[in-house]
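> Just dropping this structure here.
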Amino acid sequence: MSELICICCPQGCHLSVKKSGRQINVSGNSCPRGKNYAIQELTDPRRIVTAVIPSDDPRNPFIAVKTTEPFPKDAIPHLLNRLYRKIIKTPVKNGDIVWKNIDNSGISVIVTENI
């Protein structure tokens, strides 16, 4: 049995998740999003990744970036290690793509500020 707090909305439902073989039972959710969140968290946890990575601008040595979609949680350390070795060439705008389609995942990393 796992206990989770749903992060899909401000209500923060306390979820109980029980896995029996391939069956996953979720209780405590007040909407279907809570059930979907719990199943996702148990089977394939993902997170939006935010970071700051080096730039070539001495006035702005680091630039904020994020993934366009939630990224597999177990692959985040490897992604961050690779991101920290990149250097962004300025100027950049909010939404510019730093890294397109990471490892053919369909997920990209974008800039979140104008420099």
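Just so we're on the same page: first chain in the structure tokens is A, next is B, and so on; residues restart at 1 for each chain, and ligands are numbered from 1 in the order they show up.
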Env of A:Pro61: 12 Å cut, atoms = only C-alpha atoms, seq-sep filter 6 positions within chain, self excluded. Answer as a VMD selection string.

chain A and resid 52 to 55 87 to 90 115

> Put those residues in a file: N, CA, C and O atoms, as a tab-separated table (two decimals), in the first residue's frame.


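Contents of again.tsv, as written:
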chain	number	residue	atom	x	y	z
A	52	VAL	N	18.88	25.94	-14.36
A	52	VAL	CA	19.59	27.07	-14.95
A	52	VAL	C	20.86	26.51	-15.57
A	52	VAL	O	21.53	25.66	-14.97
A	53	ILE	N	21.14	26.93	-16.80
A	53	ILE	CA	22.33	26.42	-17.48
A	53	ILE	C	23.19	27.59	-17.96
A	53	ILE	O	22.68	28.70	-18.14
A	54	PRO	N	24.48	27.35	-18.14
A	54	PRO	CA	25.40	28.43	-18.50
A	54	PRO	C	25.05	29.11	-19.82
A	54	PRO	O	24.52	28.49	-20.73
A	55	SER	N	25.39	30.40	-19.89
A	55	SER	CA	25.23	31.15	-21.13
A	55	SER	C	26.56	31.78	-21.50
A	55	SER	O	27.50	31.83	-20.70
A	87	ILE	N	26.12	25.28	-23.23
A	87	ILE	CA	26.24	26.72	-23.08
A	87	ILE	C	25.28	27.36	-24.07
A	87	ILE	O	25.36	27.11	-25.28
A	88	ILE	N	24.37	28.17	-23.56
A	88	ILE	CA	23.38	28.82	-24.42
A	88	ILE	C	24.02	30.07	-25.01
A	88	ILE	O	24.60	30.89	-24.30
A	89	LYS	N	23.86	30.22	-26.32
A	89	LYS	CA	24.34	31.42	-27.00
A	89	LYS	C	23.22	32.46	-26.99
A	89	LYS	O	22.10	32.18	-27.38
A	90	THR	N	23.52	33.64	-26.49
A	90	THR	CA	22.54	34.71	-26.41
A	90	THR	C	22.60	35.55	-27.68
A	90	THR	O	23.62	35.51	-28.39
A	115	ILE	N	16.76	37.09	-22.73
A	115	ILE	CA	18.11	37.60	-22.45
A	115	ILE	C	18.66	38.19	-23.74
A	115	ILE	O	18.75	37.53	-24.75

> Could you pull out all residues of chain A with a DSSP call of helix (DSSP H, G or I) and give them as a list of chain:residue names?

A:Pro32, A:Arg33, A:Gly34, A:Lys35, A:Asn36, A:Tyr37, A:Ala38, A:Ile39, A:Gln40, A:Glu41, A:Leu42, A:Thr43, A:Lys73, A:Asp74, A:Ala75, A:Ile76, A:Pro77, A:His78, A:Leu79, A:Leu80, A:Asn81, A:Arg82, A:Leu83, A:Tyr84, A:Ile102, A:Asp103, A:Asn104

> Env of A:Asp44: 12 Å cut, atoms = only C-alpha atoms, seq-sep filter 4 positions within chain, self excluded. Answer as a PyMOL selection string.

chain A and resi 36-40+70-75

> Output as a PyMOL selection string all residues of chain A that backbone DSSP marks as strand (DSSP E).

chain A and resi 2-5+14-20+23-27+46-47+50-57+60-67+71-72+97-99+109-111

> Give me, please, the distance in Å between atom CA of A:Asn104 and atom CA of A:His78, quoted to one decimal.

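Separation between atom CA of A:Asn104 and atom CA of A:His78: 14.9 Å.
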
> Which residues come within 12 Å of A:Val92, counting only C-alpha atoms, excluding same-chain residues fewer than 3 positions away, as a list in words?

Ser55, Asp56, Asp57, Asn60, Phe62, Ile63, Ala64, Val65, Ile88, Lys89, Gly95, Asp96, Ile97, Val98, Ile110, Val111, Thr112, Glu113, Asn114 and Ile115 of chain A

> I need the chosen residues saved as a PDB file, in the first residue's frame, with C-alpha atoms.


ATOM      1  CA  SER A  55      25.231  31.147 -21.134  1.00  0.00           C
ATOM      2  CA  ASP A  56      27.849  32.985 -23.159  1.00  0.00           C
ATOM      3  CA  ASP A  57      26.693  36.353 -21.724  1.00  0.00           C
ATOM      4  CA  ASN A  60      23.709  36.789 -17.425  1.00  0.00           C
ATOM      5  CA  PHE A  62      22.972  31.415 -16.273  1.00  0.00           C
ATOM      6  CA  ILE A  63      19.645  31.143 -18.097  1.00  0.00           C
ATOM      7  CA  ALA A  64      16.489  29.452 -16.773  1.00  0.00           C
ATOM      8  CA  VAL A  65      15.127  26.520 -18.782  1.00  0.00           C
ATOM      9  CA  ILE A  88      23.381  28.825 -24.416  1.00  0.00           C
ATOM     10  CA  LYS A  89      24.336  31.417 -27.004  1.00  0.00           C
ATOM     11  CA  GLY A  95      10.152  29.733 -25.504  1.00  0.00           C
ATOM     12  CA  ASP A  96      13.292  29.298 -27.617  1.00  0.00           C
ATOM     13  CA  ILE A  97      14.248  25.633 -27.886  1.00  0.00           C
ATOM     14  CA  VAL A  98      17.560  24.715 -26.265  1.00  0.00           C
ATOM     15  CA  ILE A 110      13.036  25.598 -23.678  1.00  0.00           C
ATOM     16  CA  VAL A 111      14.274  28.935 -22.344  1.00  0.00           C
ATOM     17  CA  THR A 112      11.946  30.594 -19.816  1.00  0.00           C
ATOM     18  CA  GLU A 113      13.233  34.184 -19.991  1.00  0.00           C
ATOM     19  CA  ASN A 114      14.360  36.846 -22.428  1.00  0.00           C
ATOM     20  CA  ILE A 115      18.107  37.602 -22.451  1.00  0.00           C
TER      21      ILE A 115
END

> Could you tell me how far atom CA of A:Ile5 sits from atom CA of A:Lys18, in Å to one decimal place?

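Pair atom CA of A:Lys18 / atom CA of A:Ile5 returns 14.3 Å.
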